[in-house]
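Written out below as structure tokens is the structure these notes cover.
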There are 2 protein chains.
Amino acid sequence: MYTVKEAADKMEISEHTLRFWAKSGFFPFVKRNKNNIRIFQDSDLEWIKIVKCLRSVGIDNKSIKKYIELCIKGDSTIKERYDIIRVTKEKAQSQLKELQGQIELLNYKEKYYRELIENNSKDTWNPMNKK
Amino acid sequence: MYTVKEAADKMEISEHTLRFWAKSGFFPFVKRNKNNIRIFQDSDLEWIKIVKCLRSVGIDNKSIKKYIELCIKGDSTIKERYDIIRVTKEKAQSQLKELQGQIELLNYKEKYYRELIENNSKDTWNPMNKK
DNA sequence: TTATGACTTTAGAGTCACTCTCAGTCAAGC
DNA sequence: GCTTGACTGAGAGTGACTCTAAAGTCATAA
């Protein structure tokens, strides 16, 4: 049983973001107490986890909403949900490759700068140092 | 020698984004022809590559601008640039870990759905199917 | 018993990074 | 000359937050 703030802390997102997601209709099943306060249960945190996952892979909020609605609609939508997850995983995997490439580039530049510093030499790569 | 459109195509970003980046002051060294048209050289594409890399790791445009300005300022800023790249690489590496975790979750869900389909069983995980 | 403070709620304004539309310029081809 | 097509900058629109303000609830201290 968590308030918005507690759930946000536990899931490592901002309170604002969790409220925004709630307002966006991502958690229609979250109950409220008699004072209209949202009370998240452990099972609700699992949903936050999935939303967080989908968002971090760049799925837009409209599509996340759609996915949640499919879940609520019940077992008739399992095939459709399966396809969404499969495509999303493929997307995530290509992002992983991309990110690995970027890390390589950063690594190359890091080494380049370190050598410049160690050898006290000039940055010949910089277009401002050319011509 | 590329126009905005050609450079954008080559670097796999949208023409709009490249224009936006140019307007943001990321490529002050890009020359223009007599008709005021930006002409990107191969060395300029390397800069686009770096900007793309920094953006994709979540560095904000203000910080990218600052990094570009440090480069232009010359060799006195090498240490500072080194630090930026080092921190950025660390950031990217933790993003990589995060992304790997998300892929694992997607993988788990994919398997779960596939088994539901194969065995024609009910989605017991769905909060809408409970109670 | 009132009031103070620490929480919650919502609506709505602000921000960032695009993303798009549009009016205008210019060189080349008909 | 006229149109086509690619370029230009200004500025409006969008998505996803991010923040602020005002109002409600509740426990505890004066």
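Following the order of the structure tokens, chains are lettered A, B, ..., residues in each are numbered from 1, and ligands are numbered from 1.
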Shell around A:Glu15 at 9 Å using only C-alpha atoms (C1' of nucleotides), local window under 4 positions removed, as a list in words: Val4, Lys5, Glu6, Ala7, Ala8, Asp9, Arg19 and Phe20 of chain A
Produce a file of the selected residues containing C-alpha atoms, as a CSV table (one decimal), in the first residue's frame.
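Wrote out.csv, looks like this:
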```csv
chain,number,residue,atom,x,y,z
A,4,VAL,CA,1.9,8.3,-5.1
A,5,LYS,CA,5.1,9.6,-3.5
A,6,GLU,CA,6.0,6.3,-2.0
A,7,ALA,CA,5.3,4.4,-5.2
A,8,ALA,CA,7.3,6.9,-7.2
A,9,ASP,CA,10.2,6.5,-4.8
A,19,ARG,CA,0.9,11.5,-11.4
A,20,PHE,CA,1.2,12.4,-15.1
```
Which residues of chain A sit at most 12 Å from chain D, using only C-alpha atoms (C1' of nucleotides)? Give each one's shortest atom pair and distance in Å (one decimal place), in chain and ascending residue order, as a tab-separated table.
```
residue	atom	partner	partner_atom	distance
A:Ile13	CA	D:DC17	C1'	11.7
A:Ser14	CA	D:DT18	C1'	9.5
A:Glu15	CA	D:DT18	C1'	10.1
A:His16	CA	D:DT18	C1'	6.9
A:Thr17	CA	D:DC17	C1'	6.7
A:Leu18	CA	D:DC17	C1'	10.3
A:Arg19	CA	D:DC17	C1'	10.6
A:Phe20	CA	D:DC17	C1'	7.8
A:Trp21	CA	D:DC17	C1'	9.7
A:Ser24	CA	D:DA16	C1'	10.7
A:Asn33	CA	D:DT25	C1'	11.8
A:Lys34	CA	D:DT25	C1'	10.5
A:Asn35	CA	D:DT25	C1'	7.2
A:Asn36	CA	D:DG24	C1'	9.9
A:Ile37	CA	D:DT25	C1'	10.0
A:Arg55	CA	D:DA16	C1'	10.1
A:Gly58	CA	D:DA16	C1'	11.0
A:Ile59	CA	D:DA16	C1'	11.4
A:Asp60	CA	D:DG15	C1'	8.3
A:Asn61	CA	D:DA16	C1'	8.1
A:Lys62	CA	D:DG15	C1'	9.9
```
Could you write out that same residue set with N, CA and C atoms as a compact mmCIF listing (two decimals), in the first residue's frame?
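Just written: again-v3.txt:
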```
# COMPACT_ATOMS: atom_id res chain seq x y z
N ILE A 13 10.98 6.75 -10.11
CA ILE A 13 10.54 7.78 -11.05
C ILE A 13 10.08 8.97 -10.22
N SER A 14 9.88 10.12 -10.85
CA SER A 14 9.48 11.27 -10.06
C SER A 14 7.98 11.18 -9.75
N GLU A 15 7.62 11.80 -8.66
CA GLU A 15 6.23 11.87 -8.25
C GLU A 15 5.41 12.51 -9.38
N HIS A 16 5.96 13.58 -9.95
CA HIS A 16 5.28 14.26 -11.05
C HIS A 16 4.97 13.31 -12.20
N THR A 17 5.97 12.55 -12.56
CA THR A 17 5.80 11.63 -13.69
C THR A 17 4.73 10.60 -13.39
N LEU A 18 4.76 10.07 -12.18
CA LEU A 18 3.76 9.06 -11.82
C LEU A 18 2.35 9.65 -11.86
N ARG A 19 2.21 10.87 -11.35
CA ARG A 19 0.90 11.55 -11.42
C ARG A 19 0.49 11.76 -12.88
N PHE A 20 1.47 12.19 -13.65
CA PHE A 20 1.19 12.42 -15.08
C PHE A 20 0.74 11.13 -15.76
N TRP A 21 1.42 10.05 -15.48
CA TRP A 21 1.04 8.76 -16.05
C TRP A 21 -0.36 8.34 -15.59
N SER A 24 -2.81 10.20 -17.38
CA SER A 24 -2.88 9.73 -18.76
C SER A 24 -3.66 8.43 -18.90
N ASN A 33 -8.53 5.79 -1.48
CA ASN A 33 -9.18 5.67 -0.17
C ASN A 33 -10.32 6.69 -0.06
N LYS A 34 -10.93 6.76 1.09
CA LYS A 34 -12.12 7.61 1.23
C LYS A 34 -11.81 9.10 1.04
N ASN A 35 -10.51 9.46 1.16
CA ASN A 35 -10.14 10.87 0.94
C ASN A 35 -9.66 11.13 -0.49
N ASN A 36 -9.97 10.19 -1.37
CA ASN A 36 -9.62 10.37 -2.79
C ASN A 36 -8.13 10.22 -3.07
N ILE A 37 -7.42 9.64 -2.12
CA ILE A 37 -5.97 9.47 -2.26
C ILE A 37 -5.69 8.14 -2.95
N ARG A 55 8.18 3.02 -21.85
CA ARG A 55 8.61 4.40 -22.08
C ARG A 55 10.10 4.48 -22.35
N GLY A 58 11.05 4.04 -25.68
CA GLY A 58 10.57 5.03 -26.63
C GLY A 58 9.16 4.83 -27.16
N ILE A 59 8.41 3.91 -26.54
CA ILE A 59 7.01 3.75 -26.93
C ILE A 59 6.25 5.00 -26.48
N ASP A 60 5.43 5.56 -27.35
CA ASP A 60 4.76 6.81 -26.95
C ASP A 60 3.55 6.53 -26.05
N ASN A 61 3.11 7.58 -25.37
CA ASN A 61 2.11 7.39 -24.33
C ASN A 61 0.78 6.86 -24.88
N LYS A 62 0.48 7.27 -26.10
CA LYS A 62 -0.76 6.81 -26.73
C LYS A 62 -0.72 5.28 -26.89
```
Between atom CA of A:Ile68 and atom CA of A:Phe26 - distance in Å to one decimal: 6.5 Å
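Any residue of chain C with an atom no more than 10 Å from chain A counts as a contact; using only C-alpha atoms (C1' of nucleotides), that gives DC7, DT8 and DT9 of chain C.
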Per residue of chain B within 9 Å of chain A, note the shortest atom pair and the distance in Å to one decimal, counting only C-alpha atoms, and order the rows by chain and increasing residue number, as CSV.
```
residue,atom,partner,partner_atom,distance
B:Phe29,CA,A:Pro127,CA,7.8
B:Ser43,CA,A:Pro127,CA,7.6
B:Asp44,CA,A:Pro127,CA,8.4
B:Ile50,CA,A:Leu105,CA,8.2
B:Lys52,CA,A:Gln102,CA,8.9
B:Cys53,CA,A:Gln102,CA,5.6
B:Leu54,CA,A:Gln102,CA,8.3
B:Ser56,CA,A:Leu99,CA,7.9
B:Val57,CA,A:Leu99,CA,7.8
B:Cys71,CA,A:Asn126,CA,6.8
B:Ile72,CA,A:Met128,CA,5.7
B:Lys73,CA,A:Met128,CA,8.2
B:Gly74,CA,A:Met128,CA,7.2
B:Asp75,CA,A:Asp123,CA,6.4
B:Ile78,CA,A:Tyr113,CA,6.7
B:Lys79,CA,A:Ile117,CA,7.0
B:Arg81,CA,A:Tyr113,CA,7.8
B:Tyr82,CA,A:Tyr113,CA,5.6
B:Asp83,CA,A:Glu110,CA,8.4
B:Ile85,CA,A:Glu110,CA,6.0
B:Arg86,CA,A:Glu110,CA,6.1
B:Thr88,CA,A:Leu106,CA,7.7
B:Lys89,CA,A:Leu106,CA,5.8
B:Glu90,CA,A:Ile103,CA,8.9
B:Ala92,CA,A:Ile103,CA,6.5
B:Gln93,CA,A:Ile103,CA,7.2
B:Gln95,CA,A:Leu99,CA,8.4
B:Leu96,CA,A:Leu96,CA,6.8
B:Glu98,CA,A:Ser56,CA,8.9
B:Leu99,CA,A:Leu96,CA,6.9
B:Gln100,CA,A:Leu96,CA,7.5
B:Gly101,CA,A:Cys53,CA,8.9
B:Gln102,CA,A:Cys53,CA,5.6
B:Ile103,CA,A:Lys89,CA,6.1
B:Glu104,CA,A:Lys89,CA,8.9
B:Leu105,CA,A:Cys53,CA,7.9
B:Leu106,CA,A:Lys89,CA,5.8
B:Asn107,CA,A:Lys89,CA,7.0
B:Lys109,CA,A:Ile85,CA,7.2
B:Glu110,CA,A:Ile85,CA,6.0
B:Lys111,CA,A:Tyr82,CA,8.8
B:Tyr112,CA,A:Tyr82,CA,8.7
B:Tyr113,CA,A:Tyr82,CA,5.6
B:Arg114,CA,A:Tyr82,CA,6.9
B:Leu116,CA,A:Ile78,CA,7.8
B:Ile117,CA,A:Lys79,CA,7.0
B:Ser121,CA,A:Asp75,CA,8.7
B:Lys122,CA,A:Asp75,CA,6.4
B:Asp123,CA,A:Asp75,CA,6.3
B:Asn126,CA,A:Cys71,CA,6.7
B:Pro127,CA,A:Ser43,CA,7.6
B:Met128,CA,A:Ile72,CA,5.7
B:Asn129,CA,A:Gly74,CA,7.3
```
Output C-alpha atoms for every residue in that selection, as a PDB file, in the first residue's frame.
```
ATOM      1  CA  PHE B  29      32.054  26.328 -38.584  1.00  0.00           C
ATOM      2  CA  SER B  43      34.661  16.767 -41.372  1.00  0.00           C
ATOM      3  CA  ASP B  44      31.355  18.452 -40.526  1.00  0.00           C
ATOM      4  CA  ILE B  50      29.223  13.535 -32.076  1.00  0.00           C
ATOM      5  CA  LYS B  52      23.984  12.650 -32.433  1.00  0.00           C
ATOM      6  CA  CYS B  53      25.934  10.568 -29.966  1.00  0.00           C
ATOM      7  CA  LEU B  54      25.622  13.096 -27.136  1.00  0.00           C
ATOM      8  CA  SER B  56      21.200   9.906 -27.918  1.00  0.00           C
ATOM      9  CA  VAL B  57      22.737   9.569 -24.475  1.00  0.00           C
ATOM     10  CA  CYS B  71      36.158  22.656 -28.772  1.00  0.00           C
ATOM     11  CA  ILE B  72      36.214  25.926 -30.663  1.00  0.00           C
ATOM     12  CA  LYS B  73      37.974  27.689 -27.809  1.00  0.00           C
ATOM     13  CA  GLY B  74      40.989  25.483 -28.444  1.00  0.00           C
ATOM     14  CA  ASP B  75      43.516  23.351 -26.663  1.00  0.00           C
ATOM     15  CA  ILE B  78      41.013  19.737 -23.477  1.00  0.00           C
ATOM     16  CA  LYS B  79      40.895  18.688 -19.835  1.00  0.00           C
ATOM     17  CA  ARG B  81      36.246  18.233 -22.623  1.00  0.00           C
ATOM     18  CA  TYR B  82      37.880  15.033 -21.446  1.00  0.00           C
ATOM     19  CA  ASP B  83      35.869  15.197 -18.231  1.00  0.00           C
ATOM     20  CA  ILE B  85      33.242  12.778 -22.368  1.00  0.00           C
ATOM     21  CA  ARG B  86      34.250  10.583 -19.438  1.00  0.00           C
ATOM     22  CA  THR B  88      28.977  11.008 -20.558  1.00  0.00           C
ATOM     23  CA  LYS B  89      30.444   7.568 -21.184  1.00  0.00           C
ATOM     24  CA  GLU B  90      29.641   6.529 -17.633  1.00  0.00           C
ATOM     25  CA  ALA B  92      25.838   5.790 -21.338  1.00  0.00           C
ATOM     26  CA  GLN B  93      27.111   2.659 -19.664  1.00  0.00           C
ATOM     27  CA  GLN B  95      21.877   3.361 -19.630  1.00  0.00           C
ATOM     28  CA  LEU B  96      23.147   0.227 -21.303  1.00  0.00           C
ATOM     29  CA  GLU B  98      19.177  -0.286 -17.706  1.00  0.00           C
ATOM     30  CA  LEU B  99      18.275  -1.163 -21.276  1.00  0.00           C
ATOM     31  CA  GLN B 100      19.520  -4.715 -20.844  1.00  0.00           C
ATOM     32  CA  GLY B 101      17.237  -5.045 -17.853  1.00  0.00           C
ATOM     33  CA  GLN B 102      14.279  -3.777 -19.851  1.00  0.00           C
ATOM     34  CA  ILE B 103      15.020  -6.236 -22.637  1.00  0.00           C
ATOM     35  CA  GLU B 104      15.017  -9.019 -20.073  1.00  0.00           C
ATOM     36  CA  LEU B 105      11.594  -7.921 -18.859  1.00  0.00           C
ATOM     37  CA  LEU B 106      10.263  -7.757 -22.414  1.00  0.00           C
ATOM     38  CA  ASN B 107      11.713 -11.171 -23.052  1.00  0.00           C
ATOM     39  CA  LYS B 109       6.658 -11.087 -21.055  1.00  0.00           C
ATOM     40  CA  GLU B 110       7.088 -12.324 -24.606  1.00  0.00           C
ATOM     41  CA  LYS B 111       7.625 -15.865 -23.342  1.00  0.00           C
ATOM     42  CA  TYR B 112       4.696 -15.547 -20.972  1.00  0.00           C
ATOM     43  CA  TYR B 113       2.338 -14.472 -23.738  1.00  0.00           C
ATOM     44  CA  ARG B 114       3.645 -17.122 -26.117  1.00  0.00           C
ATOM     45  CA  LEU B 116      -0.547 -18.472 -22.971  1.00  0.00           C
ATOM     46  CA  ILE B 117      -1.207 -18.667 -26.705  1.00  0.00           C
ATOM     47  CA  SER B 121      -4.708 -20.609 -21.099  1.00  0.00           C
ATOM     48  CA  LYS B 122      -5.833 -17.582 -19.136  1.00  0.00           C
ATOM     49  CA  ASP B 123      -3.813 -14.484 -18.272  1.00  0.00           C
ATOM     50  CA  ASN B 126      -3.732  -9.431 -15.429  1.00  0.00           C
ATOM     51  CA  PRO B 127      -5.294  -7.533 -12.478  1.00  0.00           C
ATOM     52  CA  MET B 128      -8.547  -7.475 -14.426  1.00  0.00           C
ATOM     53  CA  ASN B 129      -8.710 -11.244 -14.326  1.00  0.00           C
TER      54      ASN B 129
END
```
Alpha helix (DSSP H) positions in stretch 25-117 of chain B, given as a ChimeraX atom specification: /B:42-56,61-73,78-117
Those residues with C-alpha atoms, as a CSV table (one decimal), in the first residue's frame please?
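Below is the file that was written, part00.csv:
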```
chain,number,residue,atom,x,y,z
B,42,ASP,CA,33.0,15.3,-44.5
B,43,SER,CA,34.7,16.8,-41.4
B,44,ASP,CA,31.4,18.5,-40.5
B,45,LEU,CA,29.6,15.1,-40.7
B,46,GLU,CA,32.0,14.0,-37.9
B,47,TRP,CA,30.6,16.8,-35.8
B,48,ILE,CA,27.0,15.7,-36.5
B,49,LYS,CA,28.0,12.2,-35.4
B,50,ILE,CA,29.2,13.5,-32.1
B,51,VAL,CA,26.1,15.7,-31.5
B,52,LYS,CA,24.0,12.7,-32.4
B,53,CYS,CA,25.9,10.6,-30.0
B,54,LEU,CA,25.6,13.1,-27.1
B,55,ARG,CA,21.9,13.6,-27.8
B,56,SER,CA,21.2,9.9,-27.9
B,61,ASN,CA,21.2,20.9,-26.1
B,62,LYS,CA,22.6,23.6,-23.8
B,63,SER,CA,25.4,21.2,-22.7
B,64,ILE,CA,26.1,20.2,-26.3
B,65,LYS,CA,26.4,23.8,-27.2
B,66,LYS,CA,28.8,24.3,-24.4
B,67,TYR,CA,30.9,21.3,-25.5
B,68,ILE,CA,31.1,22.6,-29.0
B,69,GLU,CA,32.2,26.0,-27.7
B,70,LEU,CA,34.9,24.4,-25.6
B,71,CYS,CA,36.2,22.7,-28.8
B,72,ILE,CA,36.2,25.9,-30.7
B,73,LYS,CA,38.0,27.7,-27.8
B,78,ILE,CA,41.0,19.7,-23.5
B,79,LYS,CA,40.9,18.7,-19.8
B,80,GLU,CA,37.4,20.0,-19.4
B,81,ARG,CA,36.2,18.2,-22.6
B,82,TYR,CA,37.9,15.0,-21.4
B,83,ASP,CA,35.9,15.2,-18.2
B,84,ILE,CA,32.6,15.8,-20.1
B,85,ILE,CA,33.2,12.8,-22.4
B,86,ARG,CA,34.3,10.6,-19.4
B,87,VAL,CA,31.1,11.4,-17.5
B,88,THR,CA,29.0,11.0,-20.6
B,89,LYS,CA,30.4,7.6,-21.2
B,90,GLU,CA,29.6,6.5,-17.6
B,91,LYS,CA,26.1,7.8,-18.1
B,92,ALA,CA,25.8,5.8,-21.3
B,93,GLN,CA,27.1,2.7,-19.7
B,94,SER,CA,24.5,2.8,-17.0
B,95,GLN,CA,21.9,3.4,-19.6
B,96,LEU,CA,23.1,0.2,-21.3
B,97,LYS,CA,22.6,-1.8,-18.1
B,98,GLU,CA,19.2,-0.3,-17.7
B,99,LEU,CA,18.3,-1.2,-21.3
B,100,GLN,CA,19.5,-4.7,-20.8
B,101,GLY,CA,17.2,-5.0,-17.9
B,102,GLN,CA,14.3,-3.8,-19.9
B,103,ILE,CA,15.0,-6.2,-22.6
B,104,GLU,CA,15.0,-9.0,-20.1
B,105,LEU,CA,11.6,-7.9,-18.9
B,106,LEU,CA,10.3,-7.8,-22.4
B,107,ASN,CA,11.7,-11.2,-23.1
B,108,TYR,CA,10.0,-12.6,-20.0
B,109,LYS,CA,6.7,-11.1,-21.1
B,110,GLU,CA,7.1,-12.3,-24.6
B,111,LYS,CA,7.6,-15.9,-23.3
B,112,TYR,CA,4.7,-15.5,-21.0
B,113,TYR,CA,2.3,-14.5,-23.7
B,114,ARG,CA,3.6,-17.1,-26.1
B,115,GLU,CA,2.9,-19.8,-23.6
B,116,LEU,CA,-0.5,-18.5,-23.0
B,117,ILE,CA,-1.2,-18.7,-26.7
```
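When atom CA of A:Ala22 is paired with atom CA of A:Gln41, their separation reads 14.1 Å.
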